[in-house]
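Single-structure report; data block below.
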Amino acid sequence: MKIYDAIVVGSGCAGLAAALEMIIAGKKTLLIEKHNLPGGCASGFCRGRFEFEPSLHELCGVGSKENPGSVRRLMDRYGVKIRWQRVDDCFRCISEYSDGTPMDVTLPSGVDAFIDKMEEYVPGSRKPMEDFFELLRELNDLTAYLESPKISVSHLLKSYKNVFKAAGYSSAEVFDALGLPEKCQDILSVYWSYLGVDMKHLSFFHYASMVYSYVILGAYIPTHTSHEISNAMVERFRSLGGDIKFNCRAEEFIFDGDRCCGVKTNAGDFYADVVFANINPDIIYGKMMPGNLVPAREKKLSAARNRNFGARMFTVYLGLNKTPEELGIKDYSIFIAGTADSEKEFNSLKKIDTNNYSIFLCYNIANPEASPEGTSMCSFTTMFTSAEDWNNVTDEEYFKLKNRLAKKIISNFESKTGIVLTPYIEEISIASPLTFARYLGVPEGSVYGYMTKDWDSILSRIASQGADFPIKSLKPIGTSGQRGDGYSSAYMCGSIVAKAALKESDAKGGKK
């Protein structure tokens, strides 16, 4: 029998973090991955002379060496070295304000610069924006305090009362309470798509944590695509004595009574005291374990479809034979939306024909080394908040539909920005929700896991963390976990869940 202290299924962001936590703690750990390279979404692929970034737009929580964020601190603790490139501005957005007037704004990073620019776009917004960032600062301080070894309830209630007042409300409700002007709210709402939930249903706690990190710490990308991060984490895991098996597909979980004790794979059976599954819970409970062992709570959630799958991605990757300067590209990221009303935009993304949303990136703006000399590497990403249209696409229609949608997205960008790309396309690759479903094994291509909305917000998930691990020794991790979607959230989820498992092991007299 091949016995380990811990097995991690899936080498995505959360899986890599969990594996490193366990091996650093001295646990004999096996990491298995069905593909021949690590990372999941955090990888890379080549077309011609271009190496494309599959999914990462920009990473929050990195920060500078002098002012590190949670991700940089985590990587430093792991001993993982990454060459980071800073993204200067927060974003540019071309859209329409909720009142129908044209909107073309560019927001810088840094609180003072951000507030100054907002006042320029929306005169009279300075005071409520200062209140907004003060609330974000308090929330950030609370997050840091909750990591301290000793927590005082009286200190919490006294020092963070404003956060507790706002935490249970949606972002839109808090915006209104702060007295933010409508156009100011429209601009602040641009980031909604990074979380995949409109502002009326998105927890302010979730939204504010992300915005604070982007504005205060700035955004970063690795020099050599997100595969640089995944490779560095794998090599560190190996150097500490961890075992890795690639091309190893987990087929089902092995149980001893009601306790998960291992994994059956195409390379044999492996056993462990704890198993971390970087897999969507719908697949875990529906395909990888006996139905009689699935907890009643999970059956109820699945049957009633009370948890909605998150954003399904569609991405167009472009290798261009001109430089950004030659093309007239000055912005790293440009959000292009039909309307700044996030609820209307969210609903328009349910159908292919009504979807006019995209996020354009030019990696060379942040990283001049992103592509060969004299070229540019860009991408367009849109999302779908329903899979109905894609589920009904026939084999005959599929490739035509992908090409038609890609052409529409590029044409819309060219029309809105005046930047012409089409004649200079050297390489193009298109990934639909079905592509992501096939490569990542996620239902309907929902790389965001479940929507973090309403009752299923981050706060609700954190509060019910024990209930989210109802099966003994089996720990689901990843974008469906308590931290939700995104690279930084996935890394932190893997770390947090692994640390909790280590505490459980120590409490039961497990190995040190």
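Going through the structure tokens in order, the chains are called A, B, and so on, while each chain numbers its residues from 1 and the ligands are numbered from 1 in the order shown.
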Show me a table, sorted first by chain and then by increasing residue number, of the residues of stretch 287-377 of chain A having an atom at most 9 Å from stretch 435-442 of chain A, each with its shortest atom pair and the distance in Å to one decimal, counting only C-alpha atoms and written as a Markdown table.
```
| residue | atom | partner | partner_atom | distance |
| --- | --- | --- | --- | --- |
| A:Arg312 | CA | A:Phe436 | CA | 8.2 |
| A:Met313 | CA | A:Phe436 | CA | 7.4 |
| A:Phe314 | CA | A:Phe436 | CA | 8.5 |
```
Next item on the list: Fewer than 6 positions away in the same chain doesn't count, so skip those; otherwise give me all residues within 10 Å of stretch 229-245 of chain A, counting only C-alpha atoms, as a ChimeraX atom specification.
Entry: /A:4,7-8,11-13,16-17,19-24,26-43,75,78-84,221-223,267
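Residues of stretch 411-489 of chain A carrying a DSSP assignment of strand (DSSP E), computed from the backbone, are Ile425, Glu426, Glu427, Ile428, Ser429, Ile430, Ala431, Leu474, Lys475 and Pro476 of chain A.
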Write a file of the selected residues as a PDB file, in the first residue's frame, keeping N, CA, C and O atoms.
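Below is the file that was written, again.pdb:
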```pdb
ATOM      1  N   ILE A 425      -3.003  40.464 -36.878  1.00  0.00           N
ATOM      2  CA  ILE A 425      -3.111  39.212 -36.126  1.00  0.00           C
ATOM      3  C   ILE A 425      -2.231  38.147 -36.766  1.00  0.00           C
ATOM      4  O   ILE A 425      -2.456  37.733 -37.904  1.00  0.00           O
ATOM      5  N   GLU A 426      -1.228  37.710 -36.032  1.00  0.00           N
ATOM      6  CA  GLU A 426      -0.344  36.638 -36.499  1.00  0.00           C
ATOM      7  C   GLU A 426      -0.809  35.289 -35.961  1.00  0.00           C
ATOM      8  O   GLU A 426      -0.761  34.275 -36.664  1.00  0.00           O
ATOM      9  N   GLU A 427      -1.232  35.275 -34.714  1.00  0.00           N
ATOM     10  CA  GLU A 427      -1.746  34.052 -34.092  1.00  0.00           C
ATOM     11  C   GLU A 427      -3.037  34.378 -33.341  1.00  0.00           C
ATOM     12  O   GLU A 427      -3.153  35.434 -32.724  1.00  0.00           O
ATOM     13  N   ILE A 428      -3.989  33.468 -33.423  1.00  0.00           N
ATOM     14  CA  ILE A 428      -5.231  33.626 -32.673  1.00  0.00           C
ATOM     15  C   ILE A 428      -5.658  32.260 -32.147  1.00  0.00           C
ATOM     16  O   ILE A 428      -5.540  31.241 -32.837  1.00  0.00           O
ATOM     17  N   SER A 429      -6.097  32.245 -30.906  1.00  0.00           N
ATOM     18  CA  SER A 429      -6.647  31.032 -30.307  1.00  0.00           C
ATOM     19  C   SER A 429      -7.886  31.433 -29.520  1.00  0.00           C
ATOM     20  O   SER A 429      -7.910  32.507 -28.912  1.00  0.00           O
ATOM     21  N   ILE A 430      -8.904  30.598 -29.566  1.00  0.00           N
ATOM     22  CA  ILE A 430     -10.186  30.939 -28.939  1.00  0.00           C
ATOM     23  C   ILE A 430     -10.593  29.825 -27.979  1.00  0.00           C
ATOM     24  O   ILE A 430     -10.621  28.652 -28.349  1.00  0.00           O
ATOM     25  N   ALA A 431     -10.899  30.211 -26.742  1.00  0.00           N
ATOM     26  CA  ALA A 431     -11.352  29.247 -25.730  1.00  0.00           C
ATOM     27  C   ALA A 431     -12.766  29.592 -25.300  1.00  0.00           C
ATOM     28  O   ALA A 431     -13.035  30.715 -24.870  1.00  0.00           O
ATOM     29  N   LEU A 474     -11.912  14.485   4.150  1.00  0.00           N
ATOM     30  CA  LEU A 474     -11.968  14.962   2.766  1.00  0.00           C
ATOM     31  C   LEU A 474     -12.212  16.465   2.779  1.00  0.00           C
ATOM     32  O   LEU A 474     -13.211  16.936   3.304  1.00  0.00           O
ATOM     33  N   LYS A 475     -11.287  17.234   2.187  1.00  0.00           N
ATOM     34  CA  LYS A 475     -11.337  18.689   2.232  1.00  0.00           C
ATOM     35  C   LYS A 475     -11.412  19.270   0.814  1.00  0.00           C
ATOM     36  O   LYS A 475     -10.385  19.377   0.133  1.00  0.00           O
ATOM     37  N   PRO A 476     -12.589  19.661   0.339  1.00  0.00           N
ATOM     38  CA  PRO A 476     -12.668  20.369  -0.948  1.00  0.00           C
ATOM     39  C   PRO A 476     -11.994  21.734  -0.829  1.00  0.00           C
ATOM     40  O   PRO A 476     -12.157  22.437   0.173  1.00  0.00           O
TER      41      PRO A 476
END
```
Check: Within 9 Å of stretch 384-396 of chain A, counting only C-alpha atoms, which residues qualify if same-chain residues fewer than 6 places away don't, as a ChimeraX atom specification?
Finding: /A:196-197,309-314,346-352,355,432-434,444-445
Next item on the list: Check the smallest atom-to-atom distance from each of A:Pro372, A:Pro281, A:Gly262, A:Pro68 to A:Ala219 using only C-alpha atoms, then report the winner.
Entry: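 Of A:Pro372, A:Pro281, A:Gly262, A:Pro68, the one nearest A:Ala219 is A:Pro68, counting only C-alpha atoms.
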Check: Near A:Gly328, counting only C-alpha atoms, which residues have an atom at most 12 Å away, once you skip same-chain residues fewer than 6 positions from it, shown as a PyMOL selection string?
Finding: chain A and resi 322+362+365+376+414+417-421
With C-alpha atoms retained, could you export that selection as a compact mmCIF listing (two decimals), in the first residue's frame?
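Writing done, so here's again.txt:
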```txt
# COMPACT_ATOMS: atom_id res chain seq x y z
CA LYS A 322 3.15 45.10 -34.24
CA CYS A 362 -2.13 44.04 -23.51
CA ILE A 365 2.22 47.37 -21.24
CA SER A 376 2.30 42.38 -28.88
CA GLU A 414 -11.83 48.52 -32.59
CA THR A 417 -11.21 52.58 -29.03
CA GLY A 418 -10.18 53.42 -32.58
CA ILE A 419 -7.34 50.91 -32.22
CA VAL A 420 -7.13 48.56 -35.22
CA LEU A 421 -5.91 45.02 -34.51
```
Next item on the list: Kindly give the distance, in Å, that separates atom CA of A:Phe204 and atom CA of A:Arg297, rounded to a single decimal.
Entry: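 We find that atom CA of A:Phe204 and atom CA of A:Arg297 lie 26.7 Å from each other.
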Checklist line | Between atom CA of A:Leu318 and atom CA of A:Lys330, distance in Å (one decimal) | finding: 16.6 Å
Margin query: So that I can check the surroundings of A:Thr452, please list as an MDAnalysis selection string every protein, DNA and RNA residue that reaches within 9 Å of it, counting only C-alpha atoms and ignoring chain neighbours fewer than 6 positions away.
Written below: chainID A and resid 195:197 201:203 206 307:308 310 458 461 480 483:485
Item checked: Residue neighbourhood A:Val211, 12 Å, only C-alpha atoms, exclusion window fewer than 6 positions, as a PyMOL selection string -> chain A and resi 59-61+90-91+109-111+114+132-133+135-137+139-140+171+188-192+194-195+204-205+217-219
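Atom pair atom CA of A:Ala167 / atom CA of A:Leu459: separated by 8.1 Å.
Closest approach to A:Phe469 from the set A:Val105, A:Ala18, A:Met118, A:Val274 is made by A:Val274, with distances taken over only C-alpha atoms.
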Next item on the list: Enumerate, as a PyMOL selection string, the complete set of residues in stretch 245-288 of chain A that a backbone-based DSSP assignment places in alpha helix (DSSP H).
Entry: chain A and resi 281-287
With N, CA, C and O atoms retained, export the selected residues as a PDB file, in the first residue's frame.
```pdb
ATOM      1  N   PRO A 281     -17.247  20.634  -5.958  1.00  0.00           N
ATOM      2  CA  PRO A 281     -18.009  19.694  -5.129  1.00  0.00           C
ATOM      3  C   PRO A 281     -19.096  18.937  -5.885  1.00  0.00           C
ATOM      4  O   PRO A 281     -19.398  17.790  -5.526  1.00  0.00           O
ATOM      5  N   ASP A 282     -19.704  19.538  -6.899  1.00  0.00           N
ATOM      6  CA  ASP A 282     -20.709  18.807  -7.676  1.00  0.00           C
ATOM      7  C   ASP A 282     -20.126  17.539  -8.275  1.00  0.00           C
ATOM      8  O   ASP A 282     -20.801  16.508  -8.372  1.00  0.00           O
ATOM      9  N   ILE A 283     -18.863  17.595  -8.698  1.00  0.00           N
ATOM     10  CA  ILE A 283     -18.198  16.421  -9.270  1.00  0.00           C
ATOM     11  C   ILE A 283     -17.799  15.448  -8.165  1.00  0.00           C
ATOM     12  O   ILE A 283     -17.951  14.235  -8.304  1.00  0.00           O
ATOM     13  N   ILE A 284     -17.313  15.993  -7.054  1.00  0.00           N
ATOM     14  CA  ILE A 284     -16.942  15.122  -5.931  1.00  0.00           C
ATOM     15  C   ILE A 284     -18.130  14.287  -5.483  1.00  0.00           C
ATOM     16  O   ILE A 284     -18.053  13.059  -5.375  1.00  0.00           O
ATOM     17  N   TYR A 285     -19.260  14.961  -5.210  1.00  0.00           N
ATOM     18  CA  TYR A 285     -20.419  14.271  -4.654  1.00  0.00           C
ATOM     19  C   TYR A 285     -21.195  13.491  -5.709  1.00  0.00           C
ATOM     20  O   TYR A 285     -21.831  12.482  -5.404  1.00  0.00           O
ATOM     21  N   GLY A 286     -21.126  13.950  -6.963  1.00  0.00           N
ATOM     22  CA  GLY A 286     -21.914  13.298  -7.998  1.00  0.00           C
ATOM     23  C   GLY A 286     -21.236  12.139  -8.686  1.00  0.00           C
ATOM     24  O   GLY A 286     -21.911  11.241  -9.192  1.00  0.00           O
ATOM     25  N   LYS A 287     -19.883  12.132  -8.703  1.00  0.00           N
ATOM     26  CA  LYS A 287     -19.187  11.134  -9.514  1.00  0.00           C
ATOM     27  C   LYS A 287     -18.077  10.371  -8.793  1.00  0.00           C
ATOM     28  O   LYS A 287     -17.626   9.343  -9.298  1.00  0.00           O
TER      29      LYS A 287
END
```
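Shortest separation to A:Thr315 among A:Leu361, A:Ala463, A:Tyr487, A:Val174 occurs at residue A:Leu361, atoms counted being only C-alpha atoms.
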Margin query: Which residue is closest to A:Asp198? Choose from A:Asn280, A:Ser55, A:Ser170, A:Ser159 and count only C-alpha atoms.
Written below: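 For A:Asp198, the nearest of the candidates is A:Ser170.
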